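File shown: model_37.cif (mmCIF, C-alpha atoms and all ligand atoms).
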```
data_query
#
loop_
_atom_site.label_atom_id
_atom_site.label_comp_id
_atom_site.auth_asym_id
_atom_site.auth_seq_id
_atom_site.Cartn_x
_atom_site.Cartn_y
_atom_site.Cartn_z
CA MET A 1 45.17 -4.15 146.59
CA ARG A 2 47.72 -6.66 147.89
CA ILE A 3 51.22 -5.87 146.65
CA GLY A 4 54.24 -8.19 146.83
CA VAL A 5 57.72 -6.71 146.77
CA LEU A 6 61.10 -8.40 146.49
CA THR A 7 64.77 -7.47 146.01
CA ALA A 8 66.90 -9.75 143.84
CA GLY A 9 70.41 -9.94 142.36
CA GLY A 10 73.39 -8.14 143.85
CA ASP A 11 72.31 -5.70 146.55
CA CYS A 12 72.92 -1.97 146.30
CA PRO A 13 72.45 1.14 148.41
CA GLY A 14 68.92 2.49 148.04
CA LEU A 15 66.98 -0.82 148.01
CA ASN A 16 65.53 -0.11 151.45
CA ALA A 17 64.49 3.36 150.33
CA VAL A 18 62.39 1.79 147.54
CA ILE A 19 60.79 -0.73 149.92
CA ARG A 20 59.95 2.06 152.36
CA SER A 21 58.51 4.23 149.61
CA VAL A 22 56.34 1.41 148.21
CA VAL A 23 54.96 0.64 151.67
CA HIS A 24 54.24 4.29 152.48
CA ARG A 25 52.55 5.10 149.19
CA ALA A 26 50.55 1.86 149.11
CA ILE A 27 49.34 2.04 152.70
CA ASP A 28 49.00 5.79 153.24
CA ASN A 29 47.37 6.60 149.94
CA TYR A 30 45.47 3.45 148.98
CA GLY A 31 45.05 1.44 152.17
CA ASP A 32 46.80 -1.47 150.45
CA GLU A 33 48.39 -4.47 152.07
CA VAL A 34 52.08 -5.08 151.29
CA ILE A 35 54.05 -8.29 151.69
CA GLY A 36 57.81 -8.69 151.21
CA PHE A 37 59.26 -11.91 149.75
CA GLU A 38 62.56 -12.94 151.31
CA ASP A 39 65.83 -13.45 149.42
CA GLY A 40 64.60 -12.44 146.01
CA TYR A 41 62.68 -14.79 143.77
CA SER A 42 63.54 -17.76 145.99
CA GLY A 43 61.17 -16.36 148.62
CA LEU A 44 58.46 -16.22 145.96
CA LEU A 45 59.10 -19.80 144.91
CA ASP A 46 59.37 -21.17 148.45
CA GLY A 47 56.52 -19.08 149.86
CA ARG A 48 58.73 -17.19 152.32
CA TYR A 49 57.30 -13.75 152.93
CA ARG A 50 56.27 -11.37 155.68
CA ALA A 51 53.85 -8.48 156.04
CA LEU A 52 55.34 -5.03 155.57
CA ASP A 53 53.55 -2.32 157.52
CA LEU A 54 54.70 1.20 158.36
CA ASP A 55 56.55 -0.01 161.46
CA ALA A 56 58.46 -2.60 159.43
CA VAL A 57 59.97 0.11 157.24
CA SER A 58 60.59 2.68 159.94
CA GLY A 59 64.20 3.94 160.02
CA ILE A 60 65.41 2.14 156.88
CA LEU A 61 65.66 5.05 154.42
CA ALA A 62 69.39 5.52 154.92
CA ARG A 63 70.26 1.89 155.62
CA GLY A 64 72.36 0.04 153.02
CA GLY A 65 71.58 -3.51 151.86
CA THR A 66 68.01 -4.79 151.87
CA ILE A 67 65.82 -5.74 154.83
CA LEU A 68 64.27 -8.47 152.64
CA GLY A 69 67.54 -10.16 151.72
CA SER A 70 68.59 -10.80 148.13
CA ALA A 71 69.80 -13.67 145.98
CA ARG A 72 70.53 -14.51 142.39
CA LEU A 73 68.21 -17.01 140.74
CA GLU A 74 69.38 -20.05 138.80
CA ARG A 75 67.80 -20.40 135.38
CA ASP A 76 66.05 -23.70 136.21
CA ARG A 77 64.29 -22.10 139.16
CA LEU A 78 63.18 -19.20 136.99
CA ARG A 79 61.59 -21.64 134.55
CA GLU A 80 59.84 -23.26 137.52
CA ALA A 81 58.55 -19.83 138.59
CA CYS A 82 57.17 -19.10 135.12
CA GLU A 83 55.40 -22.43 134.97
CA ASN A 84 53.77 -21.77 138.33
CA ALA A 85 52.98 -18.08 137.79
CA SER A 86 49.21 -18.36 138.01
CA ASP A 87 49.38 -20.64 141.07
CA MET A 88 51.57 -18.07 142.78
CA ILE A 89 49.07 -15.27 142.20
CA ARG A 90 46.36 -17.44 143.73
CA ASP A 91 48.49 -18.77 146.62
CA PHE A 92 49.71 -15.35 147.75
CA GLY A 93 46.64 -13.41 146.71
CA ILE A 94 48.76 -10.67 145.19
CA ASP A 95 47.38 -8.15 142.71
CA ALA A 96 50.80 -6.78 141.83
CA LEU A 97 54.44 -7.84 142.21
CA ILE A 98 57.21 -5.25 142.39
CA PRO A 99 60.62 -6.89 141.82
CA ILE A 100 63.53 -4.52 142.41
CA GLY A 101 66.72 -5.55 140.68
CA GLY A 102 69.25 -5.37 137.89
CA GLU A 103 69.41 -6.89 134.44
CA GLY A 104 68.93 -10.52 135.59
CA THR A 105 66.07 -9.63 137.91
CA LEU A 106 64.30 -7.53 135.28
CA THR A 107 64.73 -10.26 132.65
CA ALA A 108 63.09 -12.66 135.12
CA ALA A 109 60.41 -10.02 135.79
CA HIS A 110 59.74 -9.78 132.07
CA MET A 111 59.43 -13.58 131.77
CA LEU A 112 57.07 -13.72 134.76
CA SER A 113 55.03 -10.90 133.27
CA GLU A 114 54.75 -12.80 129.97
CA ALA A 115 53.68 -15.84 132.01
CA GLY A 116 50.80 -13.82 133.47
CA LEU A 117 52.06 -12.24 136.70
CA PRO A 118 51.04 -8.58 137.18
CA VAL A 119 54.56 -7.14 137.42
CA VAL A 120 55.91 -3.59 137.79
CA GLY A 121 59.73 -3.60 137.85
CA VAL A 122 62.09 -1.19 139.56
CA PRO A 123 65.64 -1.04 138.16
CA LYS A 124 68.63 -1.00 140.50
CA THR A 125 72.33 -1.58 140.08
CA ILE A 126 75.54 0.12 141.04
CA ASP A 127 76.69 -0.61 137.46
CA ASN A 128 74.19 1.85 135.88
CA ASP A 129 73.94 -0.50 132.89
CA ILE A 130 70.15 -0.83 132.48
CA SER A 131 68.88 0.48 129.16
CA SER A 132 65.87 2.77 129.12
CA THR A 133 66.74 4.61 132.30
CA ASP A 134 69.23 7.46 132.50
CA ARG A 135 70.33 6.34 135.96
CA THR A 136 69.90 3.52 138.42
CA PHE A 137 70.11 4.19 142.14
CA GLY A 138 73.21 2.76 143.83
CA PHE A 139 75.46 4.09 141.07
CA ASP A 140 75.96 7.49 142.65
CA THR A 141 76.95 5.89 145.95
CA ALA A 142 79.39 3.48 144.28
CA VAL A 143 81.01 6.28 142.27
CA GLY A 144 81.39 8.29 145.49
CA VAL A 145 83.06 5.39 147.30
CA ALA A 146 85.47 4.72 144.41
CA THR A 147 86.28 8.41 144.01
CA GLU A 148 87.06 8.83 147.68
CA ALA A 149 89.23 5.71 147.61
CA MET A 150 91.27 7.10 144.71
CA ASP A 151 91.57 10.52 146.37
CA ARG A 152 93.05 8.74 149.38
CA LEU A 153 95.29 6.47 147.31
CA LYS A 154 96.83 9.45 145.52
CA THR A 155 98.39 10.84 148.69
CA THR A 156 99.95 7.56 149.78
CA ALA A 157 101.02 6.75 146.20
CA GLU A 158 102.84 10.07 145.99
CA SER A 159 104.62 9.53 149.30
CA HIS A 160 106.00 6.22 148.06
CA GLN A 161 106.42 6.97 144.33
CA ARG A 162 104.06 4.16 143.43
CA VAL A 163 101.62 3.25 140.72
CA MET A 164 98.20 2.30 142.12
CA VAL A 165 95.93 0.11 140.02
CA VAL A 166 92.43 0.48 141.43
CA GLU A 167 89.93 -2.17 140.35
CA VAL A 168 86.27 -1.15 140.52
CA MET A 169 83.10 -3.10 139.71
CA GLY A 170 81.60 -3.23 136.23
CA ARG A 171 81.36 -6.49 134.31
CA HIS A 172 80.29 -5.34 130.87
CA ALA A 173 79.77 -1.63 131.41
CA GLY A 174 82.49 0.68 132.68
CA TRP A 175 80.32 3.48 134.07
CA ILE A 176 81.77 3.30 137.59
CA ALA A 177 85.35 3.30 136.26
CA LEU A 178 84.57 6.13 133.86
CA GLU A 179 82.89 8.46 136.33
CA SER A 180 84.98 7.72 139.43
CA GLY A 181 88.14 7.80 137.33
CA MET A 182 87.21 11.21 135.94
CA ALA A 183 86.10 12.55 139.32
CA ALA A 184 89.30 11.43 141.02
CA GLY A 185 91.55 12.56 138.17
CA ALA A 186 92.89 9.05 137.51
CA HIS A 187 95.80 9.02 135.06
CA GLY A 188 94.47 6.01 133.19
CA ILE A 189 91.00 4.47 132.88
CA CYS A 190 90.41 0.98 131.46
CA LEU A 191 86.87 -0.06 130.55
CA PRO A 192 85.28 -3.33 129.41
CA GLU A 193 84.02 -1.57 126.29
CA ARG A 194 87.48 -0.80 124.88
CA PRO A 195 90.39 -3.27 125.19
CA PHE A 196 93.48 -1.47 126.48
CA ASP A 197 97.16 -1.73 125.64
CA PRO A 198 99.44 -1.91 128.71
CA ALA A 199 102.23 -0.36 126.61
CA GLN A 200 100.23 2.90 126.53
CA LEU A 201 99.88 2.85 130.31
CA VAL A 202 103.62 2.26 130.66
CA LYS A 203 104.27 5.24 128.36
CA MET A 204 101.88 7.43 130.34
CA VAL A 205 103.56 6.56 133.67
CA GLU A 206 107.04 7.10 132.28
CA GLU A 207 106.03 10.49 130.89
CA ARG A 208 104.58 11.51 134.25
CA PHE A 209 107.75 10.52 136.09
CA SER A 210 109.90 12.31 133.50
CA ARG A 211 107.90 15.49 134.27
CA GLY A 212 108.70 15.13 137.96
CA LYS A 213 105.36 13.57 138.97
CA LYS A 214 106.15 10.72 141.29
CA PHE A 215 103.01 8.59 141.19
CA ALA A 216 100.12 7.44 139.02
CA VAL A 217 96.64 6.08 139.64
CA ILE A 218 94.98 3.81 137.09
CA CYS A 219 91.31 2.94 137.44
CA VAL A 220 90.34 -0.37 135.86
CA ALA A 221 86.89 -1.93 135.63
CA GLU A 222 86.78 -5.58 136.72
CA GLY A 223 85.53 -6.55 133.25
CA ALA A 224 88.28 -4.71 131.32
CA HIS A 225 90.50 -6.84 129.09
CA PRO A 226 93.86 -6.11 127.45
CA ALA A 227 93.85 -6.00 123.65
CA GLY A 228 94.75 -9.35 122.09
CA GLY A 229 98.45 -10.14 122.18
CA THR A 230 99.40 -7.22 124.46
CA MET A 231 99.45 -9.03 127.80
CA ASP A 232 98.91 -12.51 129.15
CA TYR A 233 95.36 -12.51 130.57
CA GLY A 234 92.76 -15.20 129.98
CA LYS A 235 89.00 -15.18 129.97
CA GLY A 236 87.34 -16.89 132.93
CA GLU A 237 84.75 -19.65 132.85
CA ILE A 238 81.02 -18.92 133.07
CA ASP A 239 79.33 -19.56 136.43
CA LYS A 240 75.83 -21.00 137.03
CA PHE A 241 74.26 -17.54 136.79
CA GLY A 242 75.79 -16.95 133.35
CA HIS A 243 78.52 -14.57 134.63
CA GLU A 244 82.18 -14.71 133.69
CA ARG A 245 84.46 -15.53 136.63
CA PHE A 246 87.07 -12.80 136.39
CA GLN A 247 90.77 -13.56 136.69
CA GLY A 248 91.58 -10.36 138.61
CA ILE A 249 92.58 -7.73 136.07
CA GLY A 250 93.66 -5.26 138.80
CA THR A 251 96.25 -7.64 140.21
CA ALA A 252 97.38 -8.87 136.79
CA LEU A 253 97.80 -5.34 135.47
CA ALA A 254 99.70 -4.11 138.54
CA TYR A 255 102.06 -7.08 138.21
CA GLU A 256 102.53 -6.39 134.49
CA LEU A 257 103.19 -2.67 135.01
CA GLU A 258 105.67 -3.33 137.80
CA ARG A 259 107.53 -5.78 135.59
CA ARG A 260 107.66 -3.42 132.61
CA LEU A 261 108.32 -0.20 134.54
CA GLY A 262 110.67 -1.43 137.22
CA LYS A 263 108.61 0.66 139.67
CA GLU A 264 106.36 -0.50 142.46
CA ALA A 265 102.77 -0.99 141.32
CA LYS A 266 100.10 -1.99 143.84
CA PRO A 267 96.67 -3.45 143.09
CA VAL A 268 93.74 -2.18 145.18
CA ILE A 269 90.52 -4.15 144.70
CA LEU A 270 87.56 -2.12 145.95
CA GLY A 271 85.08 -4.98 145.47
CA HIS A 272 81.91 -5.08 147.54
CA VAL A 273 82.82 -2.03 149.60
CA GLN A 274 81.30 -0.11 146.65
CA ARG A 275 77.94 -1.77 147.31
CA GLY A 276 77.85 -1.40 151.08
CA GLY A 277 76.91 1.36 153.47
CA VAL A 278 74.54 4.28 153.35
CA PRO A 279 73.14 5.53 150.03
CA THR A 280 73.90 9.09 148.94
CA ALA A 281 71.11 11.68 149.04
CA TYR A 282 70.78 11.36 145.24
CA ASP A 283 70.25 7.59 145.45
CA ARG A 284 67.75 7.90 148.32
CA VAL A 285 65.67 10.39 146.33
CA LEU A 286 65.76 8.38 143.08
CA ALA A 287 64.90 5.16 144.95
CA THR A 288 62.03 6.87 146.77
CA ARG A 289 60.63 8.27 143.52
CA PHE A 290 60.87 4.85 141.82
CA GLY A 291 58.94 3.23 144.69
CA TRP A 292 56.22 5.89 144.58
CA HIS A 293 55.78 5.57 140.81
CA ALA A 294 55.79 1.76 140.92
CA VAL A 295 52.76 1.80 143.23
CA GLU A 296 51.01 4.36 141.03
CA ALA A 297 51.65 2.21 137.95
CA ALA A 298 50.26 -0.86 139.74
CA HIS A 299 47.05 1.04 140.55
CA ARG A 300 46.73 2.15 136.95
CA GLY A 301 47.20 -1.49 135.89
CA GLU A 302 50.32 -0.68 133.87
CA PHE A 303 51.90 -4.11 134.24
CA GLY A 304 54.84 -5.41 132.25
CA ASN A 305 56.65 -2.09 132.72
CA MET A 306 59.38 -0.69 134.91
CA THR A 307 60.08 2.74 136.33
CA ALA A 308 62.75 4.76 134.54
CA LEU A 309 64.43 8.13 134.90
CA ARG A 310 64.32 10.27 131.76
CA GLY A 311 65.93 13.63 132.33
CA THR A 312 64.35 14.61 135.63
CA ASP A 313 61.05 12.76 135.08
CA ILE A 314 60.07 9.26 136.12
CA VAL A 315 58.30 7.40 133.31
CA MET A 316 57.15 3.83 132.75
CA VAL A 317 58.91 1.79 130.04
CA PRO A 318 58.16 -1.76 128.85
CA LEU A 319 60.29 -4.40 130.54
CA ALA A 320 60.76 -5.97 127.11
CA GLU A 321 62.53 -2.82 125.94
CA ALA A 322 64.62 -2.46 129.08
CA VAL A 323 66.15 -5.94 128.97
CA THR A 324 67.06 -6.21 125.30
CA GLU A 325 70.57 -4.84 125.69
CA LEU A 326 72.87 -3.45 128.36
CA LYS A 327 73.65 0.25 128.46
CA THR A 328 77.39 0.36 127.91
CA VAL A 329 79.67 3.41 127.79
CA PRO A 330 79.51 4.96 124.30
CA GLY A 331 82.71 5.76 122.42
CA ASP A 332 82.35 9.53 122.71
CA ARG A 333 82.13 9.32 126.51
CA MET A 334 85.36 7.30 126.52
CA ASP A 335 87.00 9.88 124.23
CA GLU A 336 85.98 12.70 126.57
CA ALA A 337 87.53 10.87 129.54
CA GLU A 338 90.74 10.12 127.63
CA SER A 339 91.21 13.78 126.81
CA VAL A 340 91.28 14.59 130.53
CA PHE A 341 94.26 12.45 131.53
O1 LIG B 401 75.79 -6.32 139.18
C1 LIG B 401 76.26 -5.64 140.26
C2 LIG B 401 77.60 -6.20 140.69
O2 LIG B 401 78.00 -5.47 141.83
C3 LIG B 401 78.69 -6.17 139.62
O3 LIG B 401 79.30 -4.93 139.46
C4 LIG B 401 79.62 -7.24 140.13
O4 LIG B 401 80.38 -7.80 139.10
C5 LIG B 401 78.70 -8.24 140.71
O5 LIG B 401 77.52 -7.55 141.07
C6 LIG B 401 79.26 -8.97 141.90
O6 LIG B 401 78.35 -9.93 142.29
P1 LIG B 401 78.45 -10.81 143.60
O7 LIG B 401 77.92 -9.99 144.73
O8 LIG B 401 77.59 -11.98 143.32
O9 LIG B 401 79.89 -11.12 143.81
#
```

Could you rewrite the structure in this file as structure tokens?
Amino acid sequence: MRIGVLTAGGDCPGLNAVIRSVVHRAIDNYGDEVIGFEDGYSGLLDGRYRALDLDAVSGILARGGTILGSARLERDRLREACENASDMIRDFGIDALIPIGGEGTLTAAHMLSEAGLPVVGVPKTIDNDISSTDRTFGFDTAVGVATEAMDRLKTTAESHQRVMVVEVMGRHAGWIALESGMAAGAHGICLPERPFDPAQLVKMVEERFSRGKKFAVICVAEGAHPAGGTMDYGKGEIDKFGHERFQGIGTALAYELERRLGKEAKPVILGHVQRGGVPTAYDRVLATRFGWHAVEAAHRGEFGNMTALRGTDIVMVPLAEAVTELKTVPGDRMDEAESVF
């Protein structure tokens, strides 16, 4: 079998572990040939690829990023890819394509599968927002980075009697904010799923200071919005990939809290640091298992599916099911977190 692999969308720790696992399983167990397309689907469209043998993936298990490069795909180019799906199979001689990516990548994978490409998807994203899988790799690493950052910010916040507003990633789903906020013992957590009222945060900070606590840490997801009429904060325009351009809720909220409280409030934007660096052991193992199962599924001819974690098992689920809706934080998980701070 000749297997093509690509990594698309925003990168995340663990991508290299999947690539390595695919190459090992395919070559060691089946004697397959593996090629890697560069920079996501654009490599597929432009015919940019290279052979991946065991040497090519040596030493990459713990390396962050992706050795293949990644990119987001504009919708017009995706249409072009679908129209040329059968030509691509012939041109590259591939019997299976394994795209590794998040919601956008898997939606494209589903469209390519419908257009006739033999596709087995592998879900990844630090946001953990893909339906049909309990976890995506990259999430554990991102939560660890954000938690450590807040642990560190607490000590300096206390020294200076400050409020720290820590902005973490999460456009539509607040999983990183929820779990890192809980793990770090943040005093407030704001998620995209539930508009927040800054007046409640002001009350919480004032109560803490009245009890002799001299600092507060608030964890806010980048996609969180204040409830209508509670604070001046607009929605951003939509970019060419269909994503909202955020206005910087961390900075806006810190400014608002400082104004209302008369205390120093500092924004800390963690940004892409959450996506960089070495994956945790958990993410390496999940990524490795996904790669192994993707190759198995390709050999069984189970195309149009993606790997998924259910409990502790890896199963195959239809791409169509996985891309219908995002996995957002349910209300009861938000209630649990609220009861902690
Ligand atoms: O989807 C993963 C993600 O890291 C989001 O959390 C974040 O909003 C986005 O990617 C950032 O994308 P970019 O790397 O294009 O700025």

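We find CA of His110 in chain A and CA of Phe290 in chain A to be spaced 17.6 Å apart.
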
Counting all atoms listed in the file, which residues of chain A sit at most 10 Å from some atom of ligand LIG 401 (chain B), and what is each one's closest atom pair with its distance in Å to one decimal, listed by chain and rising residue number, as JSON lines?
```
{"residue": "A:Gly9", "atom": "CA", "partner": "B:LIG401", "partner_atom": "O1", "distance": 7.2}
{"residue": "A:Gly10", "atom": "CA", "partner": "B:LIG401", "partner_atom": "O7", "distance": 5.0}
{"residue": "A:Asp11", "atom": "CA", "partner": "B:LIG401", "partner_atom": "O7", "distance": 7.3}
{"residue": "A:Cys12", "atom": "CA", "partner": "B:LIG401", "partner_atom": "O2", "distance": 7.6}
{"residue": "A:Ser70", "atom": "CA", "partner": "B:LIG401", "partner_atom": "O7", "distance": 10.0}
{"residue": "A:Ala71", "atom": "CA", "partner": "B:LIG401", "partner_atom": "O8", "distance": 8.4}
{"residue": "A:Arg72", "atom": "CA", "partner": "B:LIG401", "partner_atom": "O8", "distance": 7.6}
{"residue": "A:Gly101", "atom": "CA", "partner": "B:LIG401", "partner_atom": "O1", "distance": 9.2}
{"residue": "A:Gly102", "atom": "CA", "partner": "B:LIG401", "partner_atom": "O1", "distance": 6.7}
{"residue": "A:Glu103", "atom": "CA", "partner": "B:LIG401", "partner_atom": "O1", "distance": 8.0}
{"residue": "A:Gly104", "atom": "CA", "partner": "B:LIG401", "partner_atom": "O1", "distance": 8.8}
{"residue": "A:Lys124", "atom": "CA", "partner": "B:LIG401", "partner_atom": "C1", "distance": 8.9}
{"residue": "A:Thr125", "atom": "CA", "partner": "B:LIG401", "partner_atom": "C1", "distance": 5.7}
{"residue": "A:Ile126", "atom": "CA", "partner": "B:LIG401", "partner_atom": "C1", "distance": 5.9}
{"residue": "A:Asp127", "atom": "CA", "partner": "B:LIG401", "partner_atom": "O3", "distance": 5.4}
{"residue": "A:Asn128", "atom": "CA", "partner": "B:LIG401", "partner_atom": "C1", "distance": 8.9}
{"residue": "A:Asp129", "atom": "CA", "partner": "B:LIG401", "partner_atom": "O1", "distance": 8.8}
{"residue": "A:Gly138", "atom": "CA", "partner": "B:LIG401", "partner_atom": "C1", "distance": 9.6}
{"residue": "A:Phe139", "atom": "CA", "partner": "B:LIG401", "partner_atom": "C1", "distance": 9.8}
{"residue": "A:Ala142", "atom": "CA", "partner": "B:LIG401", "partner_atom": "O2", "distance": 9.4}
{"residue": "A:Val168", "atom": "CA", "partner": "B:LIG401", "partner_atom": "O3", "distance": 8.0}
{"residue": "A:Met169", "atom": "CA", "partner": "B:LIG401", "partner_atom": "O3", "distance": 4.2}
{"residue": "A:Gly170", "atom": "CA", "partner": "B:LIG401", "partner_atom": "O3", "distance": 4.3}
{"residue": "A:Arg171", "atom": "CA", "partner": "B:LIG401", "partner_atom": "O4", "distance": 5.1}
{"residue": "A:His172", "atom": "CA", "partner": "B:LIG401", "partner_atom": "O4", "distance": 8.6}
{"residue": "A:Ala173", "atom": "CA", "partner": "B:LIG401", "partner_atom": "O3", "distance": 8.7}
{"residue": "A:Gly174", "atom": "CA", "partner": "B:LIG401", "partner_atom": "O3", "distance": 9.4}
{"residue": "A:Ile176", "atom": "CA", "partner": "B:LIG401", "partner_atom": "O3", "distance": 8.8}
{"residue": "A:Ala221", "atom": "CA", "partner": "B:LIG401", "partner_atom": "O3", "distance": 9.0}
{"residue": "A:Glu222", "atom": "CA", "partner": "B:LIG401", "partner_atom": "O4", "distance": 7.2}
{"residue": "A:Gly223", "atom": "CA", "partner": "B:LIG401", "partner_atom": "O4", "distance": 7.9}
{"residue": "A:Phe241", "atom": "CA", "partner": "B:LIG401", "partner_atom": "O8", "distance": 9.2}
{"residue": "A:His243", "atom": "CA", "partner": "B:LIG401", "partner_atom": "O4", "distance": 8.3}
{"residue": "A:Glu244", "atom": "CA", "partner": "B:LIG401", "partner_atom": "O4", "distance": 9.0}
{"residue": "A:Arg245", "atom": "CA", "partner": "B:LIG401", "partner_atom": "O4", "distance": 9.1}
{"residue": "A:Phe246", "atom": "CA", "partner": "B:LIG401", "partner_atom": "O4", "distance": 8.8}
{"residue": "A:Gly271", "atom": "CA", "partner": "B:LIG401", "partner_atom": "C6", "distance": 7.9}
{"residue": "A:His272", "atom": "CA", "partner": "B:LIG401", "partner_atom": "O7", "distance": 6.9}
{"residue": "A:Val273", "atom": "CA", "partner": "B:LIG401", "partner_atom": "O2", "distance": 9.8}
{"residue": "A:Gln274", "atom": "CA", "partner": "B:LIG401", "partner_atom": "O2", "distance": 7.9}
{"residue": "A:Arg275", "atom": "CA", "partner": "B:LIG401", "partner_atom": "O2", "distance": 6.6}
```

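Of the residues under consideration (A:Ile218, A:Val278, A:Met316, A:Asn84), A:Met316 shows the shortest atom-to-atom contact distance to Glu302 in chain A when counting all atoms listed in the file.
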
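With CA of Gly69 in chain A on one side and CA of Phe37 in chain A on the other, the separation reads 8.7 Å.
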
Tell me which protein, DNA and RNA residues are within 6 Å of Val120 in chain A, counting only C-alpha atoms, leaving out same-chain ones fewer than 6 positions away, and put them as a list in words. Ile98, Phe303, Gly304, Asn305 and Met306 of chain A

Same residues, C-alpha atoms, output as a PDB file, keeping the file's coordinate frame:
```
ATOM      1  CA  ILE A  98      57.210  -5.250 142.390  1.00  0.00           C
ATOM      2  CA  PHE A 303      51.900  -4.110 134.240  1.00  0.00           C
ATOM      3  CA  GLY A 304      54.840  -5.410 132.250  1.00  0.00           C
ATOM      4  CA  ASN A 305      56.650  -2.090 132.720  1.00  0.00           C
ATOM      5  CA  MET A 306      59.380  -0.690 134.910  1.00  0.00           C
TER       6      MET A 306
END
```

Name the residues in contact with Glu114 in chain A at a cut-off of 10 Å, using all atoms listed in the file, excluding same-chain residues fewer than 4 positions from it; report them as a PDB file with C-alpha atoms, keeping the file's coordinate frame.
```pdb
ATOM      1  CA  CYS A  82      57.170 -19.100 135.120  1.00  0.00           C
ATOM      2  CA  ALA A  85      52.980 -18.080 137.790  1.00  0.00           C
ATOM      3  CA  ALA A 108      63.090 -12.660 135.120  1.00  0.00           C
ATOM      4  CA  ALA A 109      60.410 -10.020 135.790  1.00  0.00           C
ATOM      5  CA  HIS A 110      59.740  -9.780 132.070  1.00  0.00           C
ATOM      6  CA  PRO A 118      51.040  -8.580 137.180  1.00  0.00           C
ATOM      7  CA  VAL A 119      54.560  -7.140 137.420  1.00  0.00           C
ATOM      8  CA  GLY A 304      54.840  -5.410 132.250  1.00  0.00           C
ATOM      9  CA  ALA A 320      60.760  -5.970 127.110  1.00  0.00           C
TER      10      ALA A 320
END
```

Would you mind telling me which residue in A:Ser42, A:Thr312, A:Gln200, A:Thr141 lies nearest to Ala281 in chain A when using all atoms listed in the file? A:Thr141

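Distance-wise, CA of Leu309 in chain A and CA of Ala294 in chain A end up 12.3 Å apart.
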
Find the residues near Tyr233 in chain A: any atom within 10 Å, counting only C-alpha atoms, skip ones fewer than 2 places away on the same chain, and give them as number ranges by chain. A: 225-231, 235-236, 247-249, 252-253

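Residues lying within 6 Å of Ser21 in chain A, counting only C-alpha atoms and ignoring same-chain neighbours fewer than 4 positions away, are Thr288, Gly291 and Trp292 of chain A.
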
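Between Leu257 in chain A and the candidates A:Asp335, A:Asp197, A:Glu237, A:Glu83, the tightest atom-to-atom separation, counting all atoms listed in the file, involves A:Asp197.
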
Let me make sure I understand: among A:Leu73, A:Val145, A:Ala322, A:Val285, which one has the smallest atom-to-atom distance to Asp39 in chain A if we use only C-alpha atoms? A:Leu73
